[in-house]
$ cat input19.txt   # compact mmCIF, C-alpha atoms
# COMPACT_ATOMS: atom_id res chain seq x y z
CA MET G 1 16.15 -4.19 7.27
CA ARG G 2 18.49 -1.42 8.24
CA ARG G 3 18.23 2.18 7.29
CA ASP G 4 21.55 3.90 7.63
CA SER G 5 20.12 6.78 5.72
CA GLY G 6 17.27 6.74 8.21
CA ALA G 7 16.61 10.42 8.61
CA GLY G 8 13.15 11.90 8.62
CA ASN G 9 10.55 13.70 10.69
CA ILE G 10 8.48 11.71 13.08
CA PHE G 11 5.47 13.98 12.64
CA ALA G 12 5.51 13.78 8.83
CA ASP G 13 3.09 11.74 6.74
CA LEU G 14 0.95 10.72 9.67
CA ASN G 15 -2.08 9.82 7.56
CA PRO G 16 -4.28 9.16 10.59
CA ASP G 17 -6.57 6.28 9.76
CA PRO G 18 -9.66 5.47 11.83
CA ALA G 19 -9.74 2.08 10.13
CA ALA G 20 -6.36 0.84 11.32
CA GLU G 21 -3.31 1.58 13.40
CA HIS G 22 -0.20 2.25 11.35
CA VAL G 23 3.18 0.90 12.40
CA GLU G 24 6.44 1.85 10.71
CA ASP G 25 9.99 0.76 11.44
CA LEU G 26 12.29 3.76 11.72
CA LEU G 27 15.39 1.73 12.49
CA SER G 28 16.05 -1.95 12.83
CA LEU G 29 19.32 -3.29 14.20
CA PRO G 30 20.24 -6.59 15.81
CA GLY G 31 18.61 -6.42 19.23
CA VAL G 32 16.87 -3.07 18.80
CA ARG G 33 13.94 -1.92 16.69
CA ILE G 34 12.49 1.58 16.68
CA GLU G 35 8.88 1.98 15.60
CA ARG G 36 6.49 4.82 15.04
CA ILE G 37 2.88 3.90 15.73
CA VAL G 38 0.04 6.17 14.63
CA SER G 39 -3.27 5.49 16.37
CA CYS G 40 -6.62 6.99 15.71
CA GLY G 41 -9.00 5.61 18.32
CA GLN G 42 -7.73 2.04 18.11
CA ALA G 43 -7.40 -0.19 21.16
CA SER G 44 -6.33 -3.78 21.72
CA PRO G 45 -9.11 -6.31 21.18
CA PRO G 46 -11.08 -7.13 24.34
CA ASP G 47 -9.24 -9.61 26.55
CA PHE G 48 -6.18 -9.46 24.31
CA TRP G 49 -2.86 -9.04 26.13
CA TYR G 50 0.54 -8.38 24.65
CA ASP G 51 3.13 -10.77 26.09
CA GLN G 52 6.42 -9.95 24.43
CA PRO G 53 9.83 -11.57 24.84
CA GLN G 54 11.45 -8.17 24.22
CA GLY G 55 11.33 -5.22 26.56
CA GLU G 56 9.63 -2.14 25.17
CA TRP G 57 10.25 1.50 25.95
CA VAL G 58 7.31 3.65 24.92
CA LEU G 59 7.13 7.43 24.54
CA LEU G 60 3.84 9.12 23.70
CA LEU G 61 4.77 11.91 21.31
CA ASP G 62 1.28 13.30 20.82
CA GLY G 63 -2.34 12.49 21.56
CA ALA G 64 -3.51 10.45 24.52
CA ALA G 65 -3.84 6.79 25.42
CA GLY G 66 -4.63 4.38 28.19
CA LEU G 67 -2.18 1.54 28.76
CA GLN G 68 -3.35 -1.29 30.97
CA PHE G 69 -0.93 -3.56 32.78
CA GLU G 70 -2.25 -6.88 33.95
CA GLY G 71 -2.90 -6.73 37.67
CA GLU G 72 -3.35 -2.98 37.81
CA LYS G 73 -6.80 -1.62 38.55
CA ALA G 74 -6.96 1.02 35.86
CA PRO G 75 -5.10 1.91 32.69
CA ARG G 76 -2.21 4.34 32.97
CA GLN G 77 -3.26 7.60 31.38
CA LEU G 78 -0.57 8.67 28.93
CA GLN G 79 -0.29 12.24 27.72
CA ARG G 80 2.19 13.97 25.42
CA GLY G 81 5.72 13.29 26.62
CA ASP G 82 4.90 10.42 28.95
CA TYR G 83 7.21 7.44 28.72
CA LEU G 84 7.37 4.09 30.42
CA TRP G 85 9.21 0.80 30.33
CA ILE G 86 7.41 -2.47 29.69
CA ALA G 87 9.58 -5.33 30.91
CA PRO G 88 9.72 -8.55 28.84
CA HIS G 89 6.59 -10.65 29.34
CA ARG G 90 4.86 -7.97 31.35
CA ARG G 91 1.36 -8.39 30.04
CA HIS G 92 -0.32 -5.23 28.85
CA ARG G 93 -2.88 -3.92 26.43
CA VAL G 94 -3.88 -0.62 24.90
CA ALA G 95 -7.18 0.19 26.60
CA TRP G 96 -7.92 3.20 24.44
CA THR G 97 -6.42 5.92 22.28
CA ALA G 98 -7.85 9.38 21.67
CA THR G 99 -10.62 9.55 19.11
CA ASP G 100 -10.53 13.33 18.65
CA ARG G 101 -6.88 13.59 17.62
CA THR G 102 -4.00 11.53 16.38
CA THR G 103 -1.88 9.62 18.85
CA ILE G 104 1.77 9.09 17.98
CA TRP G 105 3.90 6.57 19.82
CA LEU G 106 7.60 5.97 19.69
CA ALA G 107 8.27 2.34 20.63
CA LEU G 108 11.69 0.80 21.19
CA HIS G 109 11.76 -2.96 21.21
CA ILE G 110 14.88 -4.15 22.99
CA ASP G 111 16.10 -7.72 23.18
CA GLU G 112 17.49 -8.57 26.56
CA ALA G 113 21.14 -9.51 26.36
CA GLN G 114 21.55 -13.16 27.15
CA PRO G 115 23.78 -13.99 30.13
CA MET W 1 21.76 1.50 36.39
CA ARG W 2 18.41 0.23 35.35
CA ARG W 3 15.09 1.82 36.01
CA ASP W 4 12.33 -0.69 35.72
CA SER W 5 10.06 1.82 37.33
CA GLY W 6 11.28 4.24 34.66
CA ALA W 7 8.11 6.15 33.93
CA GLY W 8 8.02 9.91 33.59
CA ASN W 9 7.40 12.79 31.25
CA ILE W 10 10.15 13.80 28.90
CA PHE W 11 9.10 17.46 29.00
CA ALA W 12 9.05 17.65 32.80
CA ASP W 13 11.71 19.36 34.93
CA LEU W 14 13.60 20.73 31.96
CA ASN W 15 15.42 23.41 33.97
CA PRO W 16 17.02 24.95 30.88
CA ASP W 17 20.48 26.13 31.82
CA PRO W 18 22.46 28.54 29.65
CA ALA W 19 25.55 27.54 31.63
CA ALA W 20 25.53 23.86 30.73
CA GLU W 21 23.85 21.11 28.76
CA HIS W 22 21.99 18.62 30.95
CA VAL W 23 22.07 14.91 30.18
CA GLU W 24 19.92 12.38 31.98
CA ASP W 25 19.66 8.62 31.54
CA LEU W 26 16.05 7.54 31.15
CA LEU W 27 16.86 3.87 30.73
CA SER W 28 20.06 1.89 30.73
CA LEU W 29 20.19 -1.74 29.67
CA PRO W 30 23.02 -3.92 28.38
CA GLY W 31 23.65 -2.62 24.89
CA VAL W 32 21.15 0.25 24.93
CA ARG W 33 21.03 3.55 26.76
CA ILE W 34 18.29 6.16 26.39
CA GLU W 35 19.18 9.74 27.23
CA ARG W 36 17.37 13.03 27.43
CA ILE W 37 19.59 15.99 26.62
CA VAL W 38 18.45 19.55 27.36
CA SER W 39 20.38 22.22 25.50
CA CYS W 40 20.16 25.94 25.82
CA GLY W 41 22.45 27.44 23.20
CA GLN W 42 25.30 25.00 23.77
CA ALA W 43 27.44 23.65 20.96
CA SER W 44 30.40 21.32 20.75
CA PRO W 45 33.73 23.05 21.33
CA PRO W 46 35.38 24.31 18.14
CA ASP W 47 37.16 21.54 16.26
CA PHE W 48 35.77 18.93 18.65
CA TRP W 49 34.28 15.84 16.99
CA TYR W 50 32.37 13.04 18.61
CA ASP W 51 33.73 9.66 17.52
CA GLN W 52 31.69 7.02 19.29
CA PRO W 53 31.96 3.23 19.22
CA GLN W 54 28.17 3.01 19.66
CA GLY W 55 25.61 3.96 17.08
CA GLU W 56 23.30 6.78 18.10
CA TRP W 57 19.71 7.44 17.06
CA VAL W 58 18.74 11.04 17.74
CA LEU W 59 15.27 12.58 17.80
CA LEU W 60 14.84 16.31 18.30
CA LEU W 61 11.76 16.66 20.49
CA ASP W 62 11.72 20.43 20.66
CA GLY W 63 13.82 23.46 19.79
CA ALA W 64 16.30 23.58 16.94
CA ALA W 65 19.89 22.50 16.34
CA GLY W 66 22.58 22.14 13.72
CA LEU W 67 24.34 18.78 13.54
CA GLN W 68 27.51 18.68 11.51
CA PHE W 69 28.85 15.47 10.04
CA GLU W 70 32.50 15.41 9.06
CA GLY W 71 32.81 15.75 5.31
CA GLU W 72 29.47 17.51 4.84
CA LYS W 73 29.52 21.15 3.80
CA ALA W 74 26.95 22.46 6.24
CA PRO W 75 25.28 21.31 9.42
CA ARG W 76 21.97 19.47 9.11
CA GLN W 77 19.24 21.74 10.37
CA LEU W 78 17.14 19.82 12.88
CA GLN W 79 13.64 20.94 13.81
CA ARG W 80 11.02 19.45 16.11
CA GLY W 81 10.44 15.83 15.15
CA ASP W 82 13.54 15.36 13.03
CA TYR W 83 15.46 12.16 13.63
CA LEU W 84 18.61 10.66 12.23
CA TRP W 85 21.00 7.78 12.71
CA ILE W 86 24.64 8.34 13.51
CA ALA W 87 26.60 5.21 12.66
CA PRO W 88 29.41 4.08 14.97
CA HIS W 89 32.54 6.21 14.47
CA ARG W 90 30.78 8.62 12.16
CA ARG W 91 32.38 11.84 13.30
CA HIS W 92 29.97 14.61 14.14
CA ARG W 93 29.54 17.67 16.28
CA VAL W 94 26.76 19.92 17.45
CA ALA W 95 27.31 23.13 15.51
CA TRP W 96 24.66 25.09 17.38
CA THR W 97 21.46 24.84 19.39
CA ALA W 98 18.73 27.47 19.62
CA THR W 99 19.43 30.31 22.00
CA ASP W 100 15.86 31.61 22.18
CA ARG W 101 14.22 28.39 23.37
CA THR W 102 15.03 25.08 24.95
CA THR W 103 16.18 22.22 22.76
CA ILE W 104 15.29 18.70 23.88
CA TRP W 105 16.95 15.67 22.38
CA LEU W 106 16.17 12.02 22.77
CA ALA W 107 19.35 10.03 22.17
CA LEU W 108 19.58 6.26 21.94
CA HIS W 109 23.05 4.82 22.23
CA ILE W 110 23.12 1.37 20.74
CA ASP W 111 26.01 -1.08 20.95
CA GLU W 112 26.48 -2.97 17.73
CA ALA W 113 25.98 -6.66 18.24
CA GLN W 114 29.25 -8.47 17.74
CA PRO W 115 29.23 -11.15 15.04

$ encode --input "input19.txt" --output "structure tokens"
Amino acid sequence: MRRDSGAGNIFADLNPDPAAEHVEDLLSLPGVRIERIVSCGQASPPDFWYDQPQGEWVLLLDGAAGLQFEGEKAPRQLQRGDYLWIAPHRRHRVAWTATDRTTIWLALHIDEAQP
Amino acid sequence: MRRDSGAGNIFADLNPDPAAEHVEDLLSLPGVRIERIVSCGQASPPDFWYDQPQGEWVLLLDGAAGLQFEGEKAPRQLQRGDYLWIAPHRRHRVAWTATDRTTIWLALHIDEAQP
């Protein structure tokens, strides 16, 4: 799906939902997908690790979260404006997101160009 | 240039500069480049139009700006959180950016996959 008309406001229609994380594609092109994720206290299931073939660039637009990389002692504490790069197959999980406010992530999923 | 270590805060070290717009690569991969642009009243030169072979996804993180597309009567007014997609070769210019505060853009330059 591609949205050439894809204009909007990333803080609109958040509808924070304690029951579930909400993920929305803002743009999807060959090789690149841009997502907005709205969290409301959610975390990855215990012992669950993401292991993704794509790289992911994450920017925390609001709220707070803990992102755990496998092999690191403690989750990285993410605040508003923090960004980081998750290389393909770098195992990670969301340890926690704020329960007292809405957390908004921008996530870019990027396919590595094949040699 | 690729920054695997590329973690930071997008609101840090803004150094707003009325003399010049500041552009910084946050991540550069084959086919995708992520930029932070800090504006302080700058606009495109009169009668200058960007005409880029890459598509560009723009998110206004703070401040305010007017983005003019060729063929549209008036610039789009961008506020905090507004995003839009600029298709390859869609001619556009920055009509204005706020003079009373700092404007921060996130810009993703995306090469179209060749068929």

$ closest_atom_pairs --input "input19.txt" --of "chain G" --to "chain W" --cutoff "7 Å" --atoms "only C-alpha atoms" --output "tab-separated table"
residue	atom	partner	partner_atom	distance
G:Asp4	CA	W:Trp85	CA	6.4
G:Gly6	CA	W:Leu84	CA	5.8
G:Ala7	CA	W:Leu84	CA	4.1
G:Gly8	CA	W:Tyr83	CA	5.5
G:Asn9	CA	W:Asp82	CA	4.1
G:Ile10	CA	W:Gly81	CA	5.0
G:Phe11	CA	W:Gly81	CA	5.9
G:Pro30	CA	W:Ala113	CA	6.2
G:Gly81	CA	W:Asn9	CA	5.0
G:Asp82	CA	W:Asn9	CA	4.1
G:Tyr83	CA	W:Ala7	CA	5.4
G:Leu84	CA	W:Ala7	CA	4.1
G:Trp85	CA	W:Gly6	CA	5.9
G:Ala113	CA	W:Pro30	CA	6.2

$ residues_around --input "input19.txt" --residues "Thr102 of chain G" --least-positions-apart "6" --cutoff "9 Å" --atoms "all atoms listed in the file" --output "ChimeraX atom specification"
/G:14,16-17,38-41,62-64

$ residues_near_point --input "input19.txt" --point "(-10.6, -8.4, 27.1)" --cutoff "12 Å" --atoms "all atoms listed in the file" --output "PDB file with C-alpha atoms, in the coordinates of the input"
ATOM      1  CA  ALA G  43      -7.400  -0.190  21.160  1.00  0.00           C
ATOM      2  CA  SER G  44      -6.330  -3.780  21.720  1.00  0.00           C
ATOM      3  CA  PRO G  45      -9.110  -6.310  21.180  1.00  0.00           C
ATOM      4  CA  PRO G  46     -11.080  -7.130  24.340  1.00  0.00           C
ATOM      5  CA  ASP G  47      -9.240  -9.610  26.550  1.00  0.00           C
ATOM      6  CA  PHE G  48      -6.180  -9.460  24.310  1.00  0.00           C
ATOM      7  CA  TRP G  49      -2.860  -9.040  26.130  1.00  0.00           C
ATOM      8  CA  TYR G  50       0.540  -8.380  24.650  1.00  0.00           C
ATOM      9  CA  GLN G  68      -3.350  -1.290  30.970  1.00  0.00           C
ATOM     10  CA  GLU G  70      -2.250  -6.880  33.950  1.00  0.00           C
ATOM     11  CA  HIS G  92      -0.320  -5.230  28.850  1.00  0.00           C
ATOM     12  CA  ARG G  93      -2.880  -3.920  26.430  1.00  0.00           C
ATOM     13  CA  VAL G  94      -3.880  -0.620  24.900  1.00  0.00           C
ATOM     14  CA  ALA G  95      -7.180   0.190  26.600  1.00  0.00           C
TER      15      ALA G  95
END

$ atom_distance --input "input19.txt" --atom1 "atom CA of Arg90 of chain G" --atom2 "atom CA of Glu72 of chain G"
11.6 Å
